[in-house]
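Visitor: For reference, the file coords_24.csv (CSV, C-alpha atoms) is included below:
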```
chain,number,residue,atom,x,y,z
A,1,MET,CA,-9.8,-20.7,-7.5
A,2,GLY,CA,-11.3,-17.9,-9.7
A,3,PRO,CA,-10.9,-14.2,-9.4
A,4,SER,CA,-14.4,-13.8,-7.9
A,5,SER,CA,-13.2,-15.2,-4.5
A,6,ARG,CA,-13.0,-11.8,-2.9
A,7,ILE,CA,-12.2,-11.5,0.8
A,8,GLU,CA,-14.0,-8.3,1.8
A,9,SER,CA,-12.3,-8.1,5.2
A,10,LEU,CA,-9.0,-7.6,3.4
A,11,ASP,CA,-10.4,-4.9,1.2
A,12,ILE,CA,-11.4,-3.2,4.4
A,13,LEU,CA,-7.9,-3.5,5.8
A,14,ARG,CA,-6.4,-2.1,2.6
A,15,GLY,CA,-8.8,0.9,3.0
A,16,LEU,CA,-7.8,1.4,6.6
A,17,MET,CA,-4.1,1.3,5.6
A,18,ALA,CA,-4.6,3.9,2.8
A,19,LEU,CA,-6.5,6.1,5.3
A,20,ALA,CA,-3.5,5.8,7.7
A,21,VAL,CA,-1.2,7.0,5.0
A,22,ALA,CA,-3.4,10.0,4.3
A,23,VAL,CA,-3.7,10.8,8.1
A,24,TYR,CA,0.0,10.6,8.4
A,25,HIS,CA,0.8,13.0,5.6
A,26,MET,CA,-2.0,15.5,6.5
A,27,SER,CA,-1.0,15.5,10.2
A,28,ILE,CA,2.4,16.6,9.1
A,29,TRP,CA,1.3,19.2,6.6
A,30,SER,CA,-1.2,20.7,9.1
A,31,ARG,CA,1.2,20.5,12.0
A,32,LEU,CA,-1.5,18.7,13.9
A,33,PHE,CA,0.9,17.2,16.4
A,34,GLU,CA,4.4,18.5,17.4
A,35,ALA,CA,7.3,16.4,16.3
A,36,GLY,CA,8.6,14.1,19.1
A,37,THR,CA,5.2,13.6,20.7
A,38,ARG,CA,3.5,10.3,21.3
A,39,ALA,CA,0.7,11.2,18.9
A,40,ASN,CA,3.2,12.1,16.2
A,41,ASN,CA,5.1,8.9,16.7
A,42,ALA,CA,2.0,6.7,16.6
A,43,ILE,CA,0.8,8.3,13.4
A,44,ALA,CA,4.2,7.9,11.8
A,45,ILE,CA,4.1,4.1,12.7
A,46,PHE,CA,0.6,3.6,11.2
A,47,GLY,CA,1.3,5.7,8.2
A,48,ASN,CA,4.6,4.2,7.2
A,49,TYR,CA,3.6,0.6,7.9
A,50,GLY,CA,0.3,1.1,6.1
A,51,VAL,CA,2.3,1.1,2.9
A,52,GLU,CA,4.2,-2.1,4.0
A,53,GLY,CA,0.8,-3.7,4.7
A,54,PHE,CA,-0.3,-3.0,1.1
A,55,PHE,CA,2.4,-5.3,-0.1
A,56,VAL,CA,1.4,-8.1,2.2
A,57,VAL,CA,-2.2,-7.8,1.3
A,58,SER,CA,-1.4,-7.7,-2.4
A,59,GLY,CA,0.7,-10.9,-2.0
A,60,PHE,CA,-2.1,-12.6,-0.2
A,61,CYS,CA,-4.7,-11.6,-2.8
A,62,PHE,CA,-2.7,-12.7,-5.8
A,63,PHE,CA,-1.7,-16.0,-4.4
A,64,HIS,CA,-5.3,-16.6,-3.1
A,65,LEU,CA,-6.8,-15.7,-6.5
A,66,TYR,CA,-4.3,-16.9,-9.0
A,67,GLY,CA,-1.8,-19.2,-7.2
A,68,GLU,CA,-3.2,-22.3,-8.8
A,69,SER,CA,-3.9,-20.8,-12.2
A,70,ARG,CA,-2.6,-22.2,-15.5
A,71,TRP,CA,-0.4,-19.6,-17.2
A,72,GLY,CA,-0.7,-20.1,-21.0
A,73,SER,CA,-0.3,-17.1,-23.4
A,74,ARG,CA,-4.0,-16.3,-23.2
A,75,GLU,CA,-4.1,-16.3,-19.4
A,76,LEU,CA,-0.9,-14.1,-19.3
A,77,ARG,CA,-2.4,-11.6,-21.7
A,78,ARG,CA,-5.7,-11.4,-19.7
A,79,PHE,CA,-3.8,-11.1,-16.4
A,80,HIS,CA,-1.6,-8.2,-17.6
A,81,VAL,CA,-4.3,-6.3,-19.4
A,82,LYS,CA,-6.5,-6.3,-16.3
A,83,ARG,CA,-3.6,-5.4,-14.0
A,84,PHE,CA,-2.6,-2.5,-16.3
A,85,PHE,CA,-6.1,-1.0,-16.4
A,86,ARG,CA,-6.4,-1.4,-12.7
A,87,ILE,CA,-3.3,0.7,-11.9
A,88,ALA,CA,-2.5,2.9,-14.9
A,89,PRO,CA,-5.5,5.2,-15.5
A,90,LEU,CA,-5.6,6.7,-12.0
A,91,TYR,CA,-1.8,6.8,-11.8
A,92,TYR,CA,-1.7,8.7,-15.1
A,93,LEU,CA,-4.3,11.1,-13.8
A,94,ALA,CA,-2.2,11.8,-10.7
A,95,VAL,CA,0.9,12.4,-12.8
A,96,ALA,CA,-1.0,14.7,-15.1
A,97,LEU,CA,-2.4,16.7,-12.2
A,98,ASN,CA,1.1,17.1,-10.7
A,99,LEU,CA,2.5,18.4,-14.0
A,100,ILE,CA,-0.4,20.7,-14.7
A,101,LEU,CA,-0.4,22.1,-11.2
A,102,GLN,CA,3.4,22.2,-11.2
A,103,GLN,CA,3.7,20.3,-8.0
A,104,PRO,CA,7.3,19.1,-7.7
A,105,VAL,CA,7.2,15.4,-6.9
A,106,GLY,CA,10.1,13.1,-7.5
A,107,PRO,CA,12.7,13.8,-10.2
A,108,ALA,CA,12.5,16.4,-13.0
A,109,PRO,CA,10.0,15.3,-15.6
A,110,THR,CA,12.6,14.5,-18.3
A,111,ILE,CA,11.8,12.4,-21.3
A,112,ARG,CA,13.2,9.4,-19.6
A,113,MET,CA,11.2,9.9,-16.4
A,114,LEU,CA,8.0,10.5,-18.3
A,115,ALA,CA,8.7,7.3,-20.3
A,116,GLU,CA,9.3,5.3,-17.2
A,117,ASN,CA,6.1,6.6,-15.6
A,118,ALA,CA,4.1,6.1,-18.7
A,119,THR,CA,5.2,2.4,-18.9
A,120,LEU,CA,5.0,1.9,-15.1
A,121,SER,CA,8.5,0.5,-15.4
A,122,PHE,CA,10.2,3.0,-13.0
A,123,GLY,CA,10.1,0.4,-10.2
A,124,LEU,CA,12.7,-1.6,-12.2
A,125,PHE,CA,15.1,1.3,-12.3
A,126,HIS,CA,14.4,3.2,-9.0
A,127,PRO,CA,11.0,3.5,-7.2
A,128,ASN,CA,11.7,7.1,-6.5
A,129,HIS,CA,11.5,7.9,-10.2
A,130,ALA,CA,7.7,8.1,-9.6
A,131,LEU,CA,6.2,11.5,-10.4
A,132,VAL,CA,3.5,11.1,-7.8
A,133,LEU,CA,3.7,11.4,-4.0
A,134,GLY,CA,3.8,7.8,-2.7
A,135,GLY,CA,4.2,6.5,-6.2
A,136,TRP,CA,7.3,4.5,-5.2
A,137,SER,CA,5.1,1.8,-3.8
A,138,ILE,CA,3.1,1.7,-7.1
A,139,GLY,CA,6.4,1.0,-8.9
A,140,ILE,CA,7.2,-1.9,-6.6
A,141,GLU,CA,3.7,-3.2,-6.9
A,142,TYR,CA,3.9,-3.2,-10.6
A,143,VAL,CA,7.1,-5.1,-10.6
A,144,PHE,CA,5.3,-7.7,-8.5
A,145,TYR,CA,2.5,-7.9,-11.1
A,146,LEU,CA,5.1,-8.5,-13.9
A,147,ALA,CA,6.8,-11.2,-11.9
A,148,PHE,CA,3.8,-12.8,-10.3
A,149,PRO,CA,3.1,-15.4,-13.0
A,150,LEU,CA,6.6,-16.7,-12.7
A,151,LEU,CA,6.4,-16.6,-8.9
A,152,ALA,CA,3.1,-18.5,-9.0
A,153,LEU,CA,4.6,-21.2,-11.3
A,154,GLY,CA,7.8,-21.4,-9.2
A,155,THR,CA,5.9,-21.9,-6.0
A,156,ARG,CA,3.4,-24.5,-7.1
A,157,ARG,CA,5.1,-26.7,-4.6
A,158,LYS,CA,4.5,-24.7,-1.4
A,159,LEU,CA,7.9,-25.6,0.0
A,160,PHE,CA,9.3,-23.2,-2.6
A,161,LEU,CA,7.0,-20.4,-1.5
A,162,TYR,CA,8.4,-20.6,2.0
A,163,LEU,CA,12.0,-21.0,0.8
A,164,GLY,CA,11.4,-18.0,-1.5
A,165,ALA,CA,10.1,-15.9,1.3
A,166,ALA,CA,13.2,-16.8,3.4
A,167,LEU,CA,15.5,-15.9,0.4
A,168,PHE,CA,13.8,-12.5,-0.2
A,169,LEU,CA,13.9,-11.8,3.6
A,170,ALA,CA,17.7,-12.4,3.5
A,171,LEU,CA,18.0,-10.0,0.5
A,172,ALA,CA,16.3,-7.3,2.6
A,173,PHE,CA,18.7,-7.8,5.5
A,174,PRO,CA,21.4,-5.4,4.3
A,175,TRP,CA,18.9,-2.6,3.8
A,176,SER,CA,17.1,-3.0,7.1
A,177,PHE,CA,20.3,-3.6,9.1
A,178,GLY,CA,22.8,-1.3,7.4
A,179,LYS,CA,22.0,0.7,4.3
A,180,VAL,CA,19.1,2.7,5.5
A,181,GLN,CA,20.8,3.6,8.8
A,182,ALA,CA,24.0,4.4,7.1
A,183,ALA,CA,22.4,6.7,4.5
A,184,ALA,CA,22.6,10.5,5.0
A,185,HIS,CA,19.5,12.7,5.5
A,186,LEU,CA,21.0,15.0,2.9
A,187,GLY,CA,19.1,14.8,-0.3
A,188,GLU,CA,16.6,12.3,1.2
A,189,MET,CA,19.2,9.6,0.8
A,190,LYS,CA,17.7,7.6,3.7
A,191,PHE,CA,14.4,7.5,1.8
A,192,HIS,CA,16.2,6.6,-1.5
A,193,ALA,CA,17.8,3.7,0.4
A,194,TYR,CA,14.6,2.6,2.1
A,195,VAL,CA,12.4,2.4,-1.0
A,196,GLN,CA,14.6,0.0,-2.9
A,197,LEU,CA,12.9,-3.1,-4.3
A,198,PRO,CA,15.0,-5.7,-2.3
A,199,ASN,CA,13.9,-4.1,0.9
A,200,HIS,CA,10.2,-4.9,0.2
A,201,ALA,CA,10.0,-7.9,-2.1
A,202,PHE,CA,9.7,-10.4,0.7
A,203,LEU,CA,6.5,-8.8,1.9
A,204,PHE,CA,4.6,-10.2,-1.1
A,205,LEU,CA,5.7,-13.7,-0.4
A,206,LEU,CA,4.7,-13.3,3.3
A,207,GLY,CA,1.2,-12.5,2.0
A,208,GLY,CA,1.4,-15.7,-0.1
A,209,ILE,CA,2.3,-17.7,3.0
A,210,VAL,CA,-0.8,-16.3,4.8
A,211,ALA,CA,-2.9,-17.2,1.8
A,212,ASP,CA,-1.5,-20.8,1.8
A,213,VAL,CA,-2.2,-21.2,5.5
A,214,ARG,CA,-5.8,-19.9,5.1
A,215,ARG,CA,-6.4,-22.3,2.2
A,216,ARG,CA,-5.3,-25.3,4.3
A,217,THR,CA,-7.9,-24.6,7.1
A,218,SER,CA,-11.5,-23.9,7.4
A,219,TRP,CA,-11.1,-22.3,10.8
A,220,ARG,CA,-12.2,-18.7,11.0
A,221,LEU,CA,-12.3,-16.0,13.8
A,222,SER,CA,-15.5,-15.2,15.4
A,223,LEU,CA,-16.3,-11.5,16.0
A,224,PRO,CA,-15.1,-11.4,19.6
A,225,TRP,CA,-11.8,-13.0,18.8
A,226,PHE,CA,-11.4,-10.8,15.8
A,227,LEU,CA,-11.9,-7.7,17.9
A,228,ALA,CA,-9.6,-9.0,20.7
A,229,ALA,CA,-6.9,-9.9,18.2
A,230,GLY,CA,-7.2,-6.6,16.3
A,231,GLY,CA,-7.2,-4.6,19.5
A,232,GLY,CA,-4.2,-6.5,20.8
A,233,LEU,CA,-2.2,-5.7,17.7
A,234,LEU,CA,-3.3,-2.1,17.9
A,235,LEU,CA,-1.9,-1.8,21.4
A,236,LEU,CA,1.2,-3.6,20.5
A,237,ALA,CA,1.9,-1.1,17.6
A,238,LEU,CA,1.6,1.9,19.8
A,239,PRO,CA,5.0,3.5,20.6
A,240,ARG,CA,6.7,2.8,23.8
A,241,GLY,CA,10.0,3.9,25.3
A,242,PRO,CA,11.7,7.2,24.4
A,243,VAL,CA,10.0,9.4,21.8
A,244,PHE,CA,11.7,9.8,18.4
A,245,TYR,CA,12.1,12.7,16.0
A,246,ASP,CA,13.5,10.9,13.0
A,247,HIS,CA,10.8,8.7,11.6
A,248,PHE,CA,13.4,6.5,9.9
A,249,GLU,CA,14.2,5.1,13.4
A,250,ILE,CA,11.1,2.9,13.1
A,251,MET,CA,11.8,2.0,9.4
A,252,ALA,CA,14.9,0.0,9.9
A,253,GLY,CA,16.6,-2.4,12.4
A,254,MET,CA,14.6,-4.3,15.0
A,255,ALA,CA,11.8,-1.7,14.9
A,256,ARG,CA,11.2,-2.8,11.3
A,257,VAL,CA,11.2,-6.5,12.3
A,258,LYS,CA,8.6,-5.7,15.0
A,259,TYR,CA,6.3,-3.6,12.8
A,260,VAL,CA,6.5,-5.9,9.7
A,261,GLY,CA,5.5,-8.7,12.0
A,262,ILE,CA,2.5,-6.7,13.3
A,263,CYS,CA,1.5,-5.9,9.7
A,264,THR,CA,1.6,-9.5,8.7
A,265,LEU,CA,-0.4,-10.6,11.8
A,266,ALA,CA,-2.9,-7.9,10.9
A,267,VAL,CA,-3.3,-9.5,7.5
A,268,VAL,CA,-3.8,-12.9,9.2
A,269,VAL,CA,-6.4,-11.5,11.5
A,270,PHE,CA,-8.4,-9.9,8.7
A,271,ALA,CA,-7.9,-12.8,6.3
A,272,PHE,CA,-9.4,-15.3,8.9
A,273,TYR,CA,-12.4,-13.1,9.6
A,274,GLU,CA,-15.4,-13.1,7.3
A,275,MET,CA,-17.3,-9.8,7.3
A,276,PRO,CA,-21.0,-10.3,8.3
A,277,ASN,CA,-23.8,-8.4,6.7
A,278,HIS,CA,-23.7,-5.5,9.2
A,279,PHE,CA,-24.8,-1.9,8.9
A,280,LEU,CA,-21.1,-0.8,9.0
A,281,ARG,CA,-20.2,-3.1,6.2
A,282,ARG,CA,-21.1,-0.7,3.4
A,283,PRO,CA,-19.0,2.4,4.5
A,284,PHE,CA,-16.0,0.2,5.3
A,285,LEU,CA,-16.3,-1.5,1.9
A,286,PHE,CA,-16.5,1.9,0.3
A,287,LEU,CA,-13.2,2.8,2.0
A,288,GLY,CA,-11.7,-0.4,0.8
A,289,ASP,CA,-12.9,0.0,-2.8
A,290,SER,CA,-11.6,3.6,-3.0
A,291,SER,CA,-8.3,2.9,-1.2
A,292,TYR,CA,-6.2,3.5,-4.3
A,293,SER,CA,-7.9,6.8,-4.9
A,294,VAL,CA,-7.4,7.8,-1.2
A,295,TYR,CA,-3.7,6.9,-1.5
A,296,LEU,CA,-3.0,8.9,-4.6
A,297,LEU,CA,-5.4,11.8,-4.3
A,298,HIS,CA,-5.0,13.0,-0.7
A,299,PRO,CA,-2.2,15.4,-1.7
A,300,PHE,CA,-4.5,17.1,-4.2
A,301,ALA,CA,-7.3,17.3,-1.6
A,302,TRP,CA,-4.8,19.0,0.7
A,303,LEU,CA,-3.8,21.4,-2.0
A,304,ILE,CA,-7.5,22.4,-2.5
A,305,VAL,CA,-7.8,23.0,1.2
A,306,MET,CA,-4.7,25.2,1.3
A,307,LYS,CA,-5.9,27.2,-1.7
A,308,LEU,CA,-9.4,27.8,-0.6
A,309,LEU,CA,-9.2,28.2,3.2
A,310,PRO,CA,-7.8,31.2,4.9
A,311,SER,CA,-4.2,31.1,6.2
A,312,GLY,CA,-3.8,30.6,9.9
A,313,LEU,CA,-6.8,28.2,10.2
A,314,TRP,CA,-6.7,26.1,13.2
A,315,SER,CA,-4.7,23.0,12.3
A,316,ALA,CA,-7.4,20.5,13.4
A,317,TRP,CA,-9.9,22.1,11.1
A,318,SER,CA,-7.6,22.0,8.1
A,319,PHE,CA,-6.7,18.4,8.9
A,320,ALA,CA,-10.4,17.4,9.2
A,321,LEU,CA,-11.4,19.2,6.1
A,322,GLY,CA,-8.5,17.7,4.1
A,323,LEU,CA,-9.5,14.2,5.2
A,324,LEU,CA,-13.2,14.7,4.4
A,325,LEU,CA,-12.3,16.1,1.0
A,326,THR,CA,-10.0,13.2,0.3
A,327,LEU,CA,-12.8,10.7,1.0
A,328,GLY,CA,-15.2,12.7,-1.2
A,329,LEU,CA,-12.8,12.9,-4.1
A,330,ALA,CA,-11.8,9.3,-3.7
A,331,GLY,CA,-15.5,8.2,-4.0
A,332,LEU,CA,-16.1,10.2,-7.1
A,333,VAL,CA,-12.9,9.1,-8.8
A,334,PHE,CA,-13.5,5.5,-8.0
A,335,ARG,CA,-17.0,5.7,-9.5
A,336,TRP,CA,-16.1,7.7,-12.6
A,337,VAL,CA,-12.4,6.7,-13.3
A,338,GLU,CA,-11.4,3.5,-11.6
A,339,LYS,CA,-14.6,1.4,-12.2
A,340,PRO,CA,-14.9,2.3,-15.9
A,341,ALA,CA,-11.2,1.6,-16.4
A,342,MET,CA,-11.5,-1.8,-14.7
A,343,GLY,CA,-14.5,-2.6,-16.8
A,344,LEU,CA,-12.6,-1.7,-19.9
A,345,GLY,CA,-9.7,-3.9,-18.8
A,346,ARG,CA,-12.0,-6.8,-18.3
A,347,ARG,CA,-13.6,-6.4,-21.7
A,348,LEU,CA,-10.2,-6.1,-23.5
A,349,ALA,CA,-9.1,-9.2,-21.6
A,350,GLY,CA,-12.1,-11.1,-23.0
A,351,GLU,CA,-14.2,-11.5,-19.8
```
Rewrite the structure from the file as structure tokens, please.

Guide:
Amino acid sequence: MGPSSRIESLDILRGLMALAVAVYHMSIWSRLFEAGTRANNAIAIFGNYGVEGFFVVSGFCFFHLYGESRWGSRELRRFHVKRFFRIAPLYYLAVALNLILQQPVGPAPTIRMLAENATLSFGLFHPNHALVLGGWSIGIEYVFYLAFPLLALGTRRKLFLYLGAALFLALAFPWSFGKVQAAAHLGEMKFHAYVQLPNHAFLFLLGGIVADVRRRTSWRLSLPWFLAAGGGLLLLALPRGPVFYDHFEIMAGMARVKYVGICTLAVVVFAFYEMPNHFLRRPFLFLGDSSYSVYLLHPFAWLIVMKLLPSGLWSAWSFALGLLLTLGLAGLVFRWVEKPAMGLGRRLAGE
């Protein structure tokens, strides 16, 4: 199956997940909702598990597009060249902006940290070596890119795909049911424990399983069933029971099992729905296309809002303006940075 087999509904889901991350951060920065409220809890769930959803979507897309590919030296070169030019240029831009604007994100920009970020290898050492807010997920994503050809070859027999997912899930168990809960808040040790690669690797293979199931059936969701299933998952994700103040309460233990399950089911719902030619299709596809820019650039949009707007501005206004500016910047950067970089990658790959 060639790389043109795009599933637009999953691009839209990726865009919604990136938007959820931006909403989560900006609601905290603007103090839109008080800690320990239902609204704060709901946004924490969607924001944190939006990132987990990225991994499932990526796993789906790669196994869908390349799972049956032949991996000779030429194919490997083309694959890695295109992947590098998809990820690196915007990531480099975000790192450069952080350094120029002196925004302290991640570790000190030592020679080692700069080298790890320049080579996108920081995920192999520690995802929190990223010099960009949220960059830890980019590090894990790039490790998956490096490993994917071997994963694809090793899972040609789909039994090994399912066994691999079970193995990676077992590897995540000590983090989800021990290491994250046991880590101290001091020095963000909980976050350092949470972002470890073994805690997330299984998500890519869960996406691969969804891709395999979709490949085996021609059945697809109609619009009413898609809306019903999506609405049901949305309701299921809303917080219940006592409110929480520590957002790590939902990022480990049985809460993580629940919300990873919901993320995976969301990918299933969107993967089995084919987007019709509707008037809402274009704006949603724009959001999906610019999702990477939304994810990496929303901190800079917020910085602009804080620099230009008067202090004491009503939090809802600063939140709304930050979100609108994020979407505007994302659209421009996708058009003038991401698309040209992807085109260059394709040309260098010989396509």

Visitor: Write out as number ranges by chain each polymer residue whose atoms come within 12 Å of Leu303 in chain A, counting only C-alpha atoms; drop sequence neighbours fewer than 3 positions from it.

Guide: A: 26, 29-30, 97-98, 101-103, 297-300, 306-309, 318-319, 321-323, 325-326

Visitor: Quote the spacing between CA of Leu329 in chain A and CA of Ala18 in chain A in Å to one decimal place.

Guide: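 Calculated distance between CA of Leu329 in chain A and CA of Ala18 in chain A is 14.0 Å.
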
Visitor: Of the candidates A:Leu169, A:Val243, A:Ile100, A:Val51, which one gets nearest to Ala201 in chain A if we count all atoms listed in the file?

Guide: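 Distance minimum relative to Ala201 in chain A lands on A:Leu169.
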
Visitor: With distances taken over all atoms listed in the file, which of A:Pro174, A:Gly328, A:Gly36, A:Gly139 is nearest to Phe55 in chain A?

Guide: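 Closest to Phe55 in chain A of all the choices is A:Gly139.
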
Visitor: Do you have the CA of Ala184 in chain A-CA of Ala22 in chain A distance handy?

Guide: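 A separation of 26.0 Å between them.
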
Visitor: Pick from A:Ile87, A:Ala152, A:Ala341, A:Ala211: nearest to Phe270 in chain A, with only C-alpha atoms counted?

Guide: A:Ala211

Visitor: What does the structure give for the distance between CA of Ile111 in chain A and CA of Val195 in chain A, in Å to one decimal?

Guide: 22.6 Å

Visitor: Set the distance at 12 Å and use all atoms listed in the file: which residues neighbour Leu171 in chain A once local chain neighbours fewer than 6 positions away are removed? I'd like the list as a ChimeraX atom specification.

Guide: /A:164-165,177,196-203

Visitor: Applying 8 Å and all atoms listed in the file, which residues near range 286-296 of chain A remain after dropping the ones on its own chain fewer than 2 positions away? List them as a ChimeraX atom specification.

Guide: /A:11-16,18-19,21-22,90-91,94,132-135,282-284,298-299,326-327,329-331,333-334

Visitor: For each of A:Phe46, A:Phe148, A:Phe122, A:Tyr24, take the minimum atom-to-atom distance to Leu236 in chain A, counting all atoms listed in the file, then give the residue where this is smallest.

Guide: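 Among A:Phe46, A:Phe148, A:Phe122, A:Tyr24, it is A:Phe46 that comes nearest to Leu236 in chain A.
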
Visitor: Can you work out which one of A:Ala115, A:Val268, A:Ala316, A:Leu285 has the shortest atom-to-atom distance to Val56 in chain A, counting all atoms listed in the file?

Guide: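 Closest to Val56 in chain A, using all atoms listed in the file: A:Val268.
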
Visitor: Go through A:Arg6, A:Phe79, A:Leu131, A:Leu151 one by one, measure the shortest atom-to-atom distance of each to Met275 in chain A using all atoms listed in the file, and give the residue with the smallest value.

Guide: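 The closest residue to Met275 in chain A is A:Arg6.
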
Visitor: Using all atoms listed in the file and a cutoff of 9 Å, can you tell me which residues are near (0.1, 7.7, 9.5) in the file's coordinates, and write them out as a list in words?

Guide: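 Residues lying no farther than 9 Å from the given point: Met17, Leu19, Ala20, Val21, Ala22, Val23, Tyr24, His25, Met26, Ser27, Asn40, Asn41, Ala42, Ile43, Ala44, Ile45, Phe46, Gly47, Asn48, Tyr49 and Gly50 of chain A.
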
Visitor: Do you know which residues are at most 12 Å from Gly154 in chain A counting only C-alpha atoms, after dropping those on the same chain fewer than 5 positions away, and could you put them as a list in words?

Guide: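 Neighbouring residues, sequence-local ones excluded: Phe63, Gly67, Glu68, Trp71, Ala147, Phe148, Pro149, Leu159, Phe160, Leu161, Tyr162, Leu163, Gly164 and Leu205 of chain A.
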
Visitor: Can I get the selection written as an mmCIF file, in the coordinates of the input, with C-alpha atoms?

Guide:
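part-v7.cif, freshly written:
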```cif
data_model
loop_
_atom_site.group_PDB
_atom_site.id
_atom_site.type_symbol
_atom_site.label_atom_id
_atom_site.label_comp_id
_atom_site.auth_asym_id
_atom_site.auth_seq_id
_atom_site.Cartn_x
_atom_site.Cartn_y
_atom_site.Cartn_z
ATOM 1 C CA PHE A 63 -1.700 -16.000 -4.400
ATOM 2 C CA GLY A 67 -1.800 -19.200 -7.200
ATOM 3 C CA GLU A 68 -3.200 -22.300 -8.800
ATOM 4 C CA TRP A 71 -0.400 -19.600 -17.200
ATOM 5 C CA ALA A 147 6.800 -11.200 -11.900
ATOM 6 C CA PHE A 148 3.800 -12.800 -10.300
ATOM 7 C CA PRO A 149 3.100 -15.400 -13.000
ATOM 8 C CA LEU A 159 7.900 -25.600 0.000
ATOM 9 C CA PHE A 160 9.300 -23.200 -2.600
ATOM 10 C CA LEU A 161 7.000 -20.400 -1.500
ATOM 11 C CA TYR A 162 8.400 -20.600 2.000
ATOM 12 C CA LEU A 163 12.000 -21.000 0.800
ATOM 13 C CA GLY A 164 11.400 -18.000 -1.500
ATOM 14 C CA LEU A 205 5.700 -13.700 -0.400
#
```

Visitor: Enumerate, as number ranges by chain, the protein, DNA and RNA residues whose atoms approach (-7.9, -15.4, -5.9) to within 12 Å, taking into account all atoms listed in the file and the coordinate frame of the file.

Guide: A: 1-7, 57-69, 152, 208, 211-212, 215
